[in-house]
Structure formats: structure tokens, C-alpha cells
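Below is input-v2.cif, holding mmCIF, C-alpha atoms.
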data_structure
#
loop_
_atom_site.label_atom_id
_atom_site.label_comp_id
_atom_site.auth_asym_id
_atom_site.auth_seq_id
_atom_site.Cartn_x
_atom_site.Cartn_y
_atom_site.Cartn_z
CA MET A 18 -13.29 -12.07 18.06
CA THR A 19 -13.64 -9.12 20.46
CA PRO A 20 -16.86 -7.07 20.70
CA LEU A 21 -15.56 -4.16 18.66
CA THR A 22 -14.65 -6.34 15.73
CA HIS A 23 -18.33 -7.26 15.47
CA ARG A 24 -18.97 -3.56 14.71
CA PHE A 25 -16.70 -3.86 11.67
CA ARG A 26 -18.59 -6.62 9.85
CA ALA A 27 -17.88 -7.26 6.18
CA ILE A 28 -19.48 -5.21 3.43
CA GLY A 29 -20.70 -8.34 1.66
CA LEU A 30 -19.74 -10.54 -1.25
CA VAL A 31 -18.61 -7.65 -3.44
CA ALA A 32 -15.99 -6.56 -0.92
CA ALA A 33 -14.92 -10.12 -0.25
CA LEU A 34 -14.27 -10.69 -3.93
CA ALA A 35 -12.55 -7.32 -4.14
CA ALA A 36 -10.01 -8.30 -1.52
CA THR A 37 -8.58 -10.94 -3.82
CA ALA A 38 -9.32 -9.42 -7.23
CA SER A 39 -6.53 -8.58 -9.64
CA LEU A 40 -5.59 -4.91 -9.47
CA THR A 41 -4.79 -2.56 -12.29
CA ALA A 42 -1.17 -1.52 -12.70
CA CYS A 43 0.28 1.06 -10.35
CA GLY A 44 -0.54 4.53 -11.61
CA SER A 45 -3.62 3.56 -13.58
CA SER A 46 -6.44 6.03 -13.20
CA SER A 47 -10.19 5.98 -12.83
CA ASP A 48 -12.96 8.44 -12.17
CA ASP A 49 -16.03 8.01 -10.06
CA ASP A 50 -18.69 8.08 -12.77
CA GLY A 51 -17.19 6.53 -15.87
CA ASP A 52 -17.65 8.55 -19.06
CA LYS A 53 -20.38 10.77 -17.68
CA PRO A 54 -19.19 14.40 -17.69
CA ALA A 55 -19.12 16.04 -14.28
CA ALA A 56 -20.35 19.58 -13.78
CA THR A 57 -17.73 21.83 -12.19
CA GLY A 58 -17.92 25.11 -10.35
CA GLY A 59 -21.12 26.47 -8.94
CA THR A 60 -20.33 25.93 -5.25
CA ALA A 61 -19.07 28.35 -2.63
CA LEU A 62 -15.96 26.25 -2.04
CA PHE A 63 -14.99 26.01 -5.72
CA LYS A 64 -13.44 29.48 -5.72
CA THR A 65 -11.29 28.59 -2.69
CA LEU A 66 -9.53 25.75 -4.54
CA PRO A 67 -6.07 26.10 -6.11
CA LYS A 68 -6.28 27.59 -9.60
CA ALA A 69 -5.02 24.34 -11.14
CA ASN A 70 -8.00 22.46 -9.70
CA GLN A 71 -10.42 25.14 -10.81
CA ASP A 72 -9.00 25.03 -14.33
CA SER A 73 -9.11 21.23 -14.58
CA GLY A 74 -12.38 20.86 -12.71
CA GLU A 75 -10.86 17.88 -10.92
CA VAL A 76 -9.19 16.79 -7.70
CA SER A 77 -7.07 13.65 -8.10
CA PHE A 78 -6.77 11.08 -5.32
CA GLY A 79 -4.31 8.22 -4.89
CA ALA A 80 -4.55 4.98 -2.91
CA LEU A 81 -3.83 1.27 -3.16
CA TRP A 82 -7.12 -0.30 -4.18
CA GLU A 83 -7.00 -3.40 -1.99
CA THR A 84 -8.10 -2.43 1.52
CA PRO A 85 -11.86 -2.93 1.73
CA PRO A 86 -14.08 -1.48 3.09
CA ILE A 87 -12.08 1.74 2.62
CA ILE A 88 -11.13 1.17 -1.01
CA SER A 89 -10.95 -1.85 -3.30
CA VAL A 90 -12.27 -3.13 -6.63
CA THR A 91 -14.89 -5.63 -7.70
CA ALA A 92 -13.99 -8.90 -9.36
CA SER A 93 -15.94 -7.84 -12.44
CA ASP A 94 -14.27 -4.43 -12.84
CA THR A 95 -10.75 -3.75 -11.61
CA THR A 96 -10.54 -0.38 -13.40
CA LYS A 97 -12.62 1.60 -10.91
CA PRO A 98 -12.32 1.75 -7.11
CA VAL A 99 -15.27 1.13 -4.82
CA GLY A 100 -15.78 1.58 -1.11
CA LEU A 101 -15.87 4.22 1.58
CA ALA A 102 -13.12 6.49 0.22
CA PRO A 103 -14.45 6.61 -3.38
CA ASP A 104 -17.99 7.27 -2.13
CA LEU A 105 -16.77 9.98 0.23
CA ALA A 106 -14.52 11.50 -2.44
CA ALA A 107 -17.45 11.73 -4.85
CA ALA A 108 -19.50 13.54 -2.21
CA LEU A 109 -16.59 15.86 -1.42
CA GLY A 110 -16.29 16.58 -5.13
CA GLU A 111 -19.91 17.68 -5.20
CA GLU A 112 -19.30 20.04 -2.27
CA LEU A 113 -16.20 21.44 -3.99
CA GLY A 114 -17.75 21.62 -7.44
CA VAL A 115 -15.16 19.31 -9.02
CA LYS A 116 -14.87 15.74 -10.25
CA ALA A 117 -12.98 13.23 -8.08
CA THR A 118 -10.51 11.09 -10.06
CA TRP A 119 -8.37 8.21 -8.85
CA GLN A 120 -4.98 6.60 -9.35
CA ASN A 121 -4.10 3.14 -8.07
CA MET A 122 -0.76 3.58 -6.27
CA GLN A 123 1.45 1.18 -4.34
CA TRP A 124 2.12 2.40 -0.80
CA PRO A 125 5.84 3.26 -1.16
CA ALA A 126 5.00 5.59 -4.07
CA GLN A 127 2.16 7.39 -2.33
CA LEU A 128 3.84 10.04 -0.17
CA PRO A 129 6.48 10.89 -2.80
CA GLY A 130 3.67 10.98 -5.36
CA VAL A 131 1.61 13.57 -3.53
CA GLN A 132 4.70 15.64 -2.73
CA SER A 133 5.70 15.70 -6.41
CA GLY A 134 2.19 16.41 -7.65
CA VAL A 135 1.39 13.06 -9.28
CA VAL A 136 -1.91 13.30 -7.38
CA ASP A 137 -3.47 16.11 -5.39
CA ALA A 138 -4.14 14.01 -2.30
CA LEU A 139 -3.90 10.51 -0.83
CA PHE A 140 -7.11 8.96 0.44
CA GLY A 141 -7.10 5.49 1.94
CA GLN A 142 -3.94 4.23 3.62
CA VAL A 143 -2.33 7.22 5.36
CA ASN A 144 -2.45 7.27 9.15
CA VAL A 145 -2.24 10.67 10.78
CA THR A 146 1.08 11.00 12.62
CA GLU A 147 3.01 13.81 14.25
CA GLU A 148 5.96 13.37 11.88
CA ARG A 149 3.82 13.54 8.76
CA GLU A 150 1.94 16.63 9.91
CA GLN A 151 5.15 18.48 10.68
CA SER A 152 7.28 17.56 7.70
CA ILE A 153 5.58 15.82 4.79
CA VAL A 154 1.87 16.51 4.25
CA ASP A 155 -1.12 18.27 5.73
CA MET A 156 -3.62 15.76 7.14
CA VAL A 157 -7.42 15.90 7.19
CA PRO A 158 -8.82 13.08 9.39
CA PHE A 159 -11.89 11.28 8.07
CA TYR A 160 -11.86 7.87 9.85
CA LYS A 161 -10.72 6.42 13.18
CA THR A 162 -9.94 2.77 13.74
CA THR A 163 -8.28 0.22 15.96
CA MET A 164 -5.80 -2.34 14.62
CA ALA A 165 -6.25 -6.10 14.36
CA LEU A 166 -4.32 -9.27 13.63
CA LEU A 167 -5.44 -11.57 10.83
CA LEU A 168 -4.35 -15.15 11.46
CA PRO A 169 -5.47 -18.72 10.82
CA ALA A 170 -8.55 -19.52 12.90
CA ALA A 171 -6.90 -22.77 14.00
CA ASP A 172 -4.05 -20.79 15.58
CA ALA A 173 -6.14 -18.10 17.27
CA ASP A 174 -6.89 -19.84 20.57
CA GLY A 175 -5.43 -17.79 23.40
CA VAL A 176 -4.49 -14.85 21.18
CA THR A 177 -6.03 -11.67 22.55
CA LYS A 178 -3.20 -9.18 22.05
CA LEU A 179 0.15 -8.67 20.31
CA GLY A 180 1.94 -9.78 23.46
CA ASP A 181 0.57 -13.27 22.84
CA MET A 182 2.46 -13.39 19.52
CA CYS A 183 6.02 -13.21 20.87
CA GLY A 184 8.44 -15.27 18.79
CA THR A 185 6.18 -15.30 15.72
CA THR A 186 6.44 -13.57 12.34
CA ILE A 187 3.92 -10.79 11.71
CA GLY A 188 3.40 -8.92 8.48
CA ALA A 189 2.80 -5.16 8.27
CA PRO A 190 2.48 -2.61 5.44
CA VAL A 191 5.89 -1.65 4.09
CA GLY A 192 7.30 1.62 5.42
CA SER A 193 4.20 2.26 7.51
CA GLU A 194 3.61 3.58 11.00
CA THR A 195 2.22 0.12 11.76
CA VAL A 196 5.76 -1.27 11.50
CA ALA A 197 7.01 1.21 14.08
CA GLU A 198 4.12 0.42 16.43
CA LEU A 199 4.76 -3.31 16.10
CA GLU A 200 8.46 -2.80 16.84
CA ARG A 201 7.55 -0.78 19.94
CA VAL A 202 5.16 -3.40 21.31
CA SER A 203 7.60 -6.21 20.55
CA ALA A 204 10.38 -4.43 22.43
CA ALA A 205 8.11 -3.81 25.42
CA GLU A 206 6.39 -7.20 25.65
CA CYS A 207 8.58 -9.69 23.78
CA ALA A 208 12.14 -8.80 24.76
CA SER A 209 13.28 -12.41 25.10
CA GLN A 210 11.36 -13.61 22.03
CA PRO A 211 10.91 -10.61 19.75
CA VAL A 212 8.39 -10.56 16.96
CA GLU A 213 9.93 -10.89 13.52
CA ILE A 214 8.41 -8.33 11.18
CA LYS A 215 7.96 -8.88 7.47
CA GLU A 216 6.82 -5.94 5.34
CA PHE A 217 4.40 -6.26 2.43
CA GLN A 218 3.39 -3.94 -0.40
CA GLY A 219 -0.28 -4.63 0.21
CA ALA A 220 -2.90 -6.81 1.85
CA THR A 221 -3.33 -9.30 -0.98
CA LEU A 222 0.20 -10.65 -0.76
CA ALA A 223 0.15 -10.55 3.03
CA ILE A 224 -3.09 -12.51 3.30
CA SER A 225 -1.70 -15.12 0.90
CA ALA A 226 1.38 -15.37 3.15
CA VAL A 227 -0.82 -15.98 6.21
CA LYS A 228 -2.72 -18.71 4.38
CA SER A 229 0.46 -20.38 3.15
CA GLY A 230 2.07 -20.25 6.60
CA SER A 231 5.04 -18.11 5.57
CA ILE A 232 3.96 -15.58 8.21
CA ASP A 233 1.91 -16.16 11.34
CA ALA A 234 -0.31 -13.08 11.14
CA TRP A 235 -0.94 -9.81 9.31
CA LEU A 236 -1.43 -6.53 11.20
CA ASP A 237 -3.71 -3.91 9.67
CA THR A 238 -6.85 -1.86 10.40
CA THR A 239 -9.68 -3.71 12.10
CA ALA A 240 -12.26 -2.99 9.40
CA SER A 241 -10.05 -4.41 6.65
CA GLN A 242 -9.17 -7.49 8.69
CA VAL A 243 -12.80 -8.30 9.39
CA VAL A 244 -13.55 -8.16 5.66
CA ALA A 245 -10.67 -10.55 4.98
CA ALA A 246 -11.77 -12.94 7.74
CA ASP A 247 -15.36 -12.97 6.52
CA ALA A 248 -14.13 -13.78 3.02
CA ASP A 249 -12.28 -16.88 4.23
CA GLY A 250 -13.59 -19.13 6.98
CA ASP A 251 -10.07 -20.39 7.73
CA LEU A 252 -9.00 -16.93 8.92
CA THR A 253 -10.02 -14.83 11.91
CA ALA A 254 -9.48 -11.25 13.05
CA VAL A 255 -8.30 -10.45 16.58
CA GLU A 256 -8.51 -6.82 17.60
CA VAL A 257 -5.37 -5.37 19.24
CA PRO A 258 -6.17 -3.83 22.65
CA GLU A 259 -6.03 -0.06 22.77
CA ASP A 260 -3.40 -0.14 25.52
CA GLU A 261 -1.03 -1.82 23.03
CA ILE A 262 -1.84 0.30 19.97
CA ALA A 263 -4.16 3.25 20.40
CA PRO A 264 -6.87 3.90 17.78
CA VAL A 265 -5.51 5.93 14.89
CA TYR A 266 -6.93 8.50 12.51
CA ASN A 267 -6.80 7.72 8.83
CA GLY A 268 -6.55 10.94 6.88
CA ILE A 269 -6.63 12.64 3.52
CA ALA A 270 -3.02 13.67 2.90
CA VAL A 271 -2.37 16.83 0.88
CA GLY A 272 0.99 18.26 -0.16
CA LYS A 273 2.23 21.20 1.88
CA ASP A 274 2.26 23.26 -1.33
CA LYS A 275 -1.55 23.11 -1.63
CA PRO A 276 -2.89 24.74 1.54
CA GLU A 277 -6.00 25.97 -0.26
CA LEU A 278 -6.98 22.40 -1.11
CA THR A 279 -6.47 21.22 2.48
CA LYS A 280 -8.65 24.00 3.84
CA ALA A 281 -11.35 23.35 1.24
CA LEU A 282 -11.40 19.62 2.05
CA VAL A 283 -11.80 20.41 5.75
CA GLU A 284 -14.80 22.62 5.04
CA ALA A 285 -16.32 20.15 2.58
CA LEU A 286 -15.97 17.22 4.99
CA ARG A 287 -17.46 19.23 7.84
CA ALA A 288 -20.40 20.12 5.60
CA LEU A 289 -20.98 16.44 4.78
CA ILE A 290 -20.99 15.53 8.47
CA GLU A 291 -23.37 18.34 9.37
CA SER A 292 -25.77 17.40 6.57
CA GLY A 293 -25.85 13.74 7.60
CA ARG A 294 -24.50 12.52 4.28
CA TYR A 295 -21.18 11.46 5.86
CA ASP A 296 -22.99 9.11 8.26
CA GLU A 297 -25.05 7.70 5.38
CA ILE A 298 -21.89 6.90 3.41
CA PHE A 299 -20.25 5.25 6.42
CA ALA A 300 -23.37 3.20 7.12
CA ALA A 301 -23.61 2.10 3.48
CA ASN A 302 -20.04 0.79 3.73
CA ASP A 303 -20.56 -0.86 7.16
CA SER A 304 -18.04 1.55 8.70
CA SER A 305 -20.17 3.50 11.18
CA ALA A 306 -17.93 2.39 14.05
CA ALA A 307 -15.07 4.34 12.47
CA ALA A 308 -16.97 7.59 11.91
CA ILE A 309 -15.67 10.78 13.52
CA THR A 310 -17.42 13.96 14.67
CA VAL A 311 -17.40 17.36 13.02
CA ASP A 312 -15.22 18.69 15.86
CA GLU A 313 -12.52 16.15 14.97
CA VAL A 314 -12.26 17.42 11.39
CA VAL A 315 -9.40 19.86 11.67
CA ALA A 316 -6.19 20.03 9.67
CA ASN A 317 -3.21 18.40 11.40
CA PRO A 318 -5.14 17.33 14.54
CA ILE A 319 -2.17 15.91 16.44
CA THR A 320 0.24 18.85 16.27
CA SER A 321 -1.99 21.75 15.14
CA THR A 322 0.75 22.61 12.64
CA PRO A 323 -0.54 25.47 10.46
CA VAL A 324 -1.61 24.32 7.02
CA GLY A 325 1.23 24.63 4.52
CA GLU A 326 3.90 24.90 7.20
CA LYS A 327 6.47 22.44 8.51
#

Hey, can you dump this file as C-alpha cells for me?
Amino acid sequence: MTPLTHRFRAIGLVAALAATASLTACGSSSDDDGDKPAATGGTALFKTLPKANQDSGEVSFGALWETPPIISVTASDTTKPVGLAPDLAAALGEELGVKATWQNMQWPAQLPGVQSGVVDALFGQVNVTEEREQSIVDMVPFYKTTMALLLPAADADGVTKLGDMCGTTIGAPVGSETVAELERVSAAECASQPVEIKEFQGATLAISAVKSGSIDAWLDTTASQVVAADADGDLTAVEVPEDEIAPVYNGIAVGKDKPELTKALVEALRALIESGRYDEIFAANDSSAAAITVDEVVANPITSTPVGEK
């Protein structure tokens, strides 16, 4: 395991159990504080939100609840997400004067879901990319991470990069930017023995495939892979060097038709960083290595595309 992966240690038994817990059906919803009513309004940012969010007193978020430490569930309660994103969303809700609610959404449904208004924003699995900023959603970065391979510990000797996996089968999230990056590295480093790529809906099925031997490794964010490796002594996480796949921003994705919400989230996240609460939340979820600075919190950081425009 490389030095940086030691900075992404697991968030404990709760997260380990969450990685393999049964999930609620796609589209099921949950809020951050159960049946307790949430006060709305009363903050400077509340009046900057879209009228629909002011009227409902809510901002709805979507993600697949199986990528700890960002978002997952506990074995004892699969109806409510836990982790970095839910904690951060709750704090953002307080800054905005609204209640954060959640829907559990499979990855292929996420981008169409936010574009069609099923949820207000995606918060958990969306990497910030040039294409997305310019054509699909507005992106607010909140997290920066490297990528890592999850593979059987018995097969990890000599594996220090993707180029050491030529001729093997590697899993990646379906329809993700990770697939494109893996294809690029395979073409550059494994021309004679290309990597075979198998796409998965989520980490649970992919990790099972690694353990059964139907794939050789699973490629995902370093923090999530370390959690999975710590939950199973037969697995290990190997960080991908930055010269193969550069660190990526994970972002809150908002539909282009809700520029007011994007701008409000930027201001709320910046306020959390400046107050120190952001760092506290990241530390509580063992994710401090992925924290970003207040200067990095800008809408569409790769292309500087104006909010709401394509």
C-alpha cells in the first residue's frame, strides 16, 4: 500500500459493515434527521435559493449509498445514508436554511435524474469533468482524490500501477469517467495485452466479483477502496500513480436550470470551510486527505463555464 493510501484509512466498523449492507430500492428517500422537523429560512442565503426550494424548505440530493466513506448505510439501518456527503449536506442545509433530503439512486439514473428534476443535486459519485461542466450540469467541487485498485492481497505483489495489470480484467463504475481513463491508460501502456474492462452498477457487486475471481481488480476512488480493503483482510488497495490518472475533483452536480442553487451551494460551502466546520466533518469521516481549500470552491472549476450556461 502506498503512503497516500495510509491517509485514507477506514472509518471503522460501521463503514465496513455499510459497504456490504443491503441497500434500499433505487429512488427510495431519506432525510438527515428522521421525523424531527427542520427549521427553514432565517439565513442570508435562503432568499437566494430557487423559489421551489424556498417553498418546500428542502434541497434534495441523490447518490448511490454504497461508497463509504463518502456515502453508505449502516447494517442496522439501510433507510438513511451516513458518511461525509450526508454530514456535509446537513451542514450546507443549515447554511441555506433548508432541510437536506436524500434519494438512493443507481449511477446510470443519476445525471438524467438531476436534469429532469427528480432531485435538485447529485452528491457523492460525480467527478468534475470538462464535458459535464459544458453540457450537462454545473459542478461545485467539494472533495479531491486519487484512484486506486482493489484486488486480492495474494495477487498484489509487484502491482504498483495500472500498467502492471495489462492482460487482466478490471471493473469500473458503469458509464463513468473512470472507464474512459482506464481505456486511455490501457491503450498507452498495454497495447499488446489490453486491459479488459467490465462495468458495474456499484461497488458491492464489483467487490464480490473481485472476491470470486470473475474480475482481477476494481478501480475506484482511493478512500472507498481503503474502506473495502480494511473490511476484508483478503483484499488490498493499491493507489494509482498520479502520472497515470491525475487526482480528480468529486463535485455536487446541479442541473443547468437551477443556477441560483449552484451559486448558493458555492457560498454555503465556502462559509463552512472558512468557519472550520468543513474540516471537522472531513476529519470525523477520516477524509482529511481529500479536503480542498476555499479558493478551490468555484462553480465549474475546469472550464469556468458560467453557471447555467452550456

(Q) Quick check, in Å to one decimal: how far apart do CA of Val99 in chain A and CA of Pro85 in chain A lie? (A)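 Rounded to one decimal, the two atoms are 8.4 Å apart.
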
Q. Please, what distance in Å, to one decimal, runs between CA of Asp174 in chain A and CA of Val265 in chain A?
A. 26.4 Å

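Residues selected in this file by the PyMOL selection byres ((chain A and resi 127-143) around 6) comprise Ser77, Phe78, Gly79, Ala80, Trp124, Pro125, Ala126, Asn144, Asn267, Gly268, Ile269, Ala270, Val271 and Gly272 of chain A.
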
Q. CA of Thr310 in chain A and CA of Asp296 in chain A are how many Å apart?
A.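 Interatomic distance here is 9.8 Å.
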
Q) With distances taken over all atoms listed in the file, which of A:Pro258, A:Pro264, A:Pro169, A:Gly59 is nearest to Ile232 in chain A? A)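 Of A:Pro258, A:Pro264, A:Pro169, A:Gly59, the one nearest Ile232 in chain A, counting all atoms listed in the file, is A:Pro169.
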
(Q) Given all atoms listed in the file as the basis, pick out the residue of A:Glu284, A:Glu194, A:Thr320, A:Leu167 nearest to Leu109 in chain A. (A)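 Selected residue with least distance to Leu109 in chain A: A:Glu284.
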
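Considering the residues A:Gly74, A:Gly293, A:Gly100, A:Gly58 and counting only C-alpha atoms, Ser241 in chain A has its shortest atom-to-atom contact with A:Gly100.
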
Q.
Which residues, named as in the file, does the PyMOL selection byres ((chain A and resi 183) around 10) pick out? Answer as a PyMOL selection string.
A. chain A and resi 179-182+184-187+202-204+206-213

On this structure, which residues satisfy the PyMOL selection byres ((chain A and resi 259) around 12), written as a PDB file with C-alpha atoms, in the coordinates of the input?
ATOM      1  CA  LEU A  21     -15.560  -4.160  18.660  1.00  0.00           C
ATOM      2  CA  THR A 162      -9.940   2.770  13.740  1.00  0.00           C
ATOM      3  CA  THR A 163      -8.280   0.220  15.960  1.00  0.00           C
ATOM      4  CA  MET A 164      -5.800  -2.340  14.620  1.00  0.00           C
ATOM      5  CA  ALA A 165      -6.250  -6.100  14.360  1.00  0.00           C
ATOM      6  CA  THR A 177      -6.030 -11.670  22.550  1.00  0.00           C
ATOM      7  CA  LYS A 178      -3.200  -9.180  22.050  1.00  0.00           C
ATOM      8  CA  LEU A 179       0.150  -8.670  20.310  1.00  0.00           C
ATOM      9  CA  GLU A 198       4.120   0.420  16.430  1.00  0.00           C
ATOM     10  CA  VAL A 202       5.160  -3.400  21.310  1.00  0.00           C
ATOM     11  CA  THR A 239      -9.680  -3.710  12.100  1.00  0.00           C
ATOM     12  CA  GLU A 256      -8.510  -6.820  17.600  1.00  0.00           C
ATOM     13  CA  VAL A 257      -5.370  -5.370  19.240  1.00  0.00           C
ATOM     14  CA  PRO A 258      -6.170  -3.830  22.650  1.00  0.00           C
ATOM     15  CA  ASP A 260      -3.400  -0.140  25.520  1.00  0.00           C
ATOM     16  CA  GLU A 261      -1.030  -1.820  23.030  1.00  0.00           C
ATOM     17  CA  ILE A 262      -1.840   0.300  19.970  1.00  0.00           C
ATOM     18  CA  ALA A 263      -4.160   3.250  20.400  1.00  0.00           C
ATOM     19  CA  PRO A 264      -6.870   3.900  17.780  1.00  0.00           C
ATOM     20  CA  VAL A 265      -5.510   5.930  14.890  1.00  0.00           C
TER      21      VAL A 265
END

Write out as a Markdown table a residue-level contact list of range 88-142 of chain A versus range 62-66 of chain A with cut-off 10 Å: for each qualifying residue the closest pair of atoms and the distance in Å to one decimal, counting only C-alpha atoms, rows sorted by chain and residue number upward.
| residue | atom | partner | partner_atom | distance |
| --- | --- | --- | --- | --- |
| A:Gly110 | CA | A:Phe63 | CA | 9.5 |
| A:Glu111 | CA | A:Phe63 | CA | 9.7 |
| A:Glu112 | CA | A:Leu62 | CA | 7.1 |
| A:Leu113 | CA | A:Phe63 | CA | 5.0 |
| A:Gly114 | CA | A:Phe63 | CA | 5.5 |
| A:Val115 | CA | A:Phe63 | CA | 7.5 |

Q | Distance criterion (all atoms listed in the file): nearest to Ala308 in chain A out of A:Val176, A:Ala106, A:Ala117, A:Leu286 | A | A:Leu286

Which residues are near Tyr295 in chain A? Cut-off 12 Å, all atoms listed in the file, ignore same chain within fewer than 3 positions. Put them as a PDB file with C-alpha atoms, in the frame of the given file.
ATOM      1  CA  LEU A 101     -15.870   4.220   1.580  1.00  0.00           C
ATOM      2  CA  ALA A 102     -13.120   6.490   0.220  1.00  0.00           C
ATOM      3  CA  ASP A 104     -17.990   7.270  -2.130  1.00  0.00           C
ATOM      4  CA  LEU A 105     -16.770   9.980   0.230  1.00  0.00           C
ATOM      5  CA  ALA A 106     -14.520  11.500  -2.440  1.00  0.00           C
ATOM      6  CA  ALA A 107     -17.450  11.730  -4.850  1.00  0.00           C
ATOM      7  CA  ALA A 108     -19.500  13.540  -2.210  1.00  0.00           C
ATOM      8  CA  LEU A 109     -16.590  15.860  -1.420  1.00  0.00           C
ATOM      9  CA  GLU A 112     -19.300  20.040  -2.270  1.00  0.00           C
ATOM     10  CA  PHE A 159     -11.890  11.280   8.070  1.00  0.00           C
ATOM     11  CA  TYR A 160     -11.860   7.870   9.850  1.00  0.00           C
ATOM     12  CA  ALA A 285     -16.320  20.150   2.580  1.00  0.00           C
ATOM     13  CA  LEU A 286     -15.970  17.220   4.990  1.00  0.00           C
ATOM     14  CA  ARG A 287     -17.460  19.230   7.840  1.00  0.00           C
ATOM     15  CA  ALA A 288     -20.400  20.120   5.600  1.00  0.00           C
ATOM     16  CA  LEU A 289     -20.980  16.440   4.780  1.00  0.00           C
ATOM     17  CA  ILE A 290     -20.990  15.530   8.470  1.00  0.00           C
ATOM     18  CA  GLU A 291     -23.370  18.340   9.370  1.00  0.00           C
ATOM     19  CA  SER A 292     -25.770  17.400   6.570  1.00  0.00           C
ATOM     20  CA  ILE A 298     -21.890   6.900   3.410  1.00  0.00           C
ATOM     21  CA  PHE A 299     -20.250   5.250   6.420  1.00  0.00           C
ATOM     22  CA  ALA A 300     -23.370   3.200   7.120  1.00  0.00           C
ATOM     23  CA  ALA A 301     -23.610   2.100   3.480  1.00  0.00           C
ATOM     24  CA  ASN A 302     -20.040   0.790   3.730  1.00  0.00           C
ATOM     25  CA  SER A 304     -18.040   1.550   8.700  1.00  0.00           C
ATOM     26  CA  SER A 305     -20.170   3.500  11.180  1.00  0.00           C
ATOM     27  CA  ALA A 307     -15.070   4.340  12.470  1.00  0.00           C
ATOM     28  CA  ALA A 308     -16.970   7.590  11.910  1.00  0.00           C
ATOM     29  CA  ILE A 309     -15.670  10.780  13.520  1.00  0.00           C
ATOM     30  CA  THR A 310     -17.420  13.960  14.670  1.00  0.00           C
ATOM     31  CA  VAL A 311     -17.400  17.360  13.020  1.00  0.00           C
TER      32      VAL A 311
END

Return as AutoDock Vina command-line options the centre and edge lengths, in Å with one decimal, of the box along x, y and z that encloses every atom of range 119-122 of chain A in the file, padded by 4 Å per side.
--center_x -4.6 --center_y 5.7 --center_z -7.8 --size_x 15.6 --size_y 13.1 --size_z 11.1

Q: List every protein, DNA or RNA residue that has at least one atom no more than 12 Å from (3.4, 23.3, 0.1) in the file's coordinates, counting all atoms listed in the file, and write the result as a PyMOL selection string.
A: chain A and resi 67+131-134+137+150-155+270-279+323-327

Go ahead and find all residues with at least one atom no further than 7 Å from (1.9, 18.3, 12.2) in the file's coordinates, using all atoms listed in the file; report them as a PDB file with C-alpha atoms, keeping the file's coordinate frame.
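And here's selection.pdb as it stands now:
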ATOM      1  CA  GLU A 147       3.010  13.810  14.250  1.00  0.00           C
ATOM      2  CA  GLU A 148       5.960  13.370  11.880  1.00  0.00           C
ATOM      3  CA  ARG A 149       3.820  13.540   8.760  1.00  0.00           C
ATOM      4  CA  GLU A 150       1.940  16.630   9.910  1.00  0.00           C
ATOM      5  CA  GLN A 151       5.150  18.480  10.680  1.00  0.00           C
ATOM      6  CA  ASN A 317      -3.210  18.400  11.400  1.00  0.00           C
ATOM      7  CA  ILE A 319      -2.170  15.910  16.440  1.00  0.00           C
ATOM      8  CA  THR A 320       0.240  18.850  16.270  1.00  0.00           C
ATOM      9  CA  SER A 321      -1.990  21.750  15.140  1.00  0.00           C
ATOM     10  CA  THR A 322       0.750  22.610  12.640  1.00  0.00           C
TER      11      THR A 322
END

Q: Identify, on the basis of only C-alpha atoms, every residue whose closest approach to Pro98 in chain A does not exceed 7 Å; exclude the query and any residue fewer than 4 positions from it along the same chain; express the result as a PyMOL selection string.
A: chain A and resi 82+88-90+103

Q. Counting all atoms listed in the file, which of A:Leu81, A:Met122, A:Val145, A:Ala170 gets nearest to Asp247 in chain A?
A.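 Under the stated criterion, the closest residue is A:Ala170.
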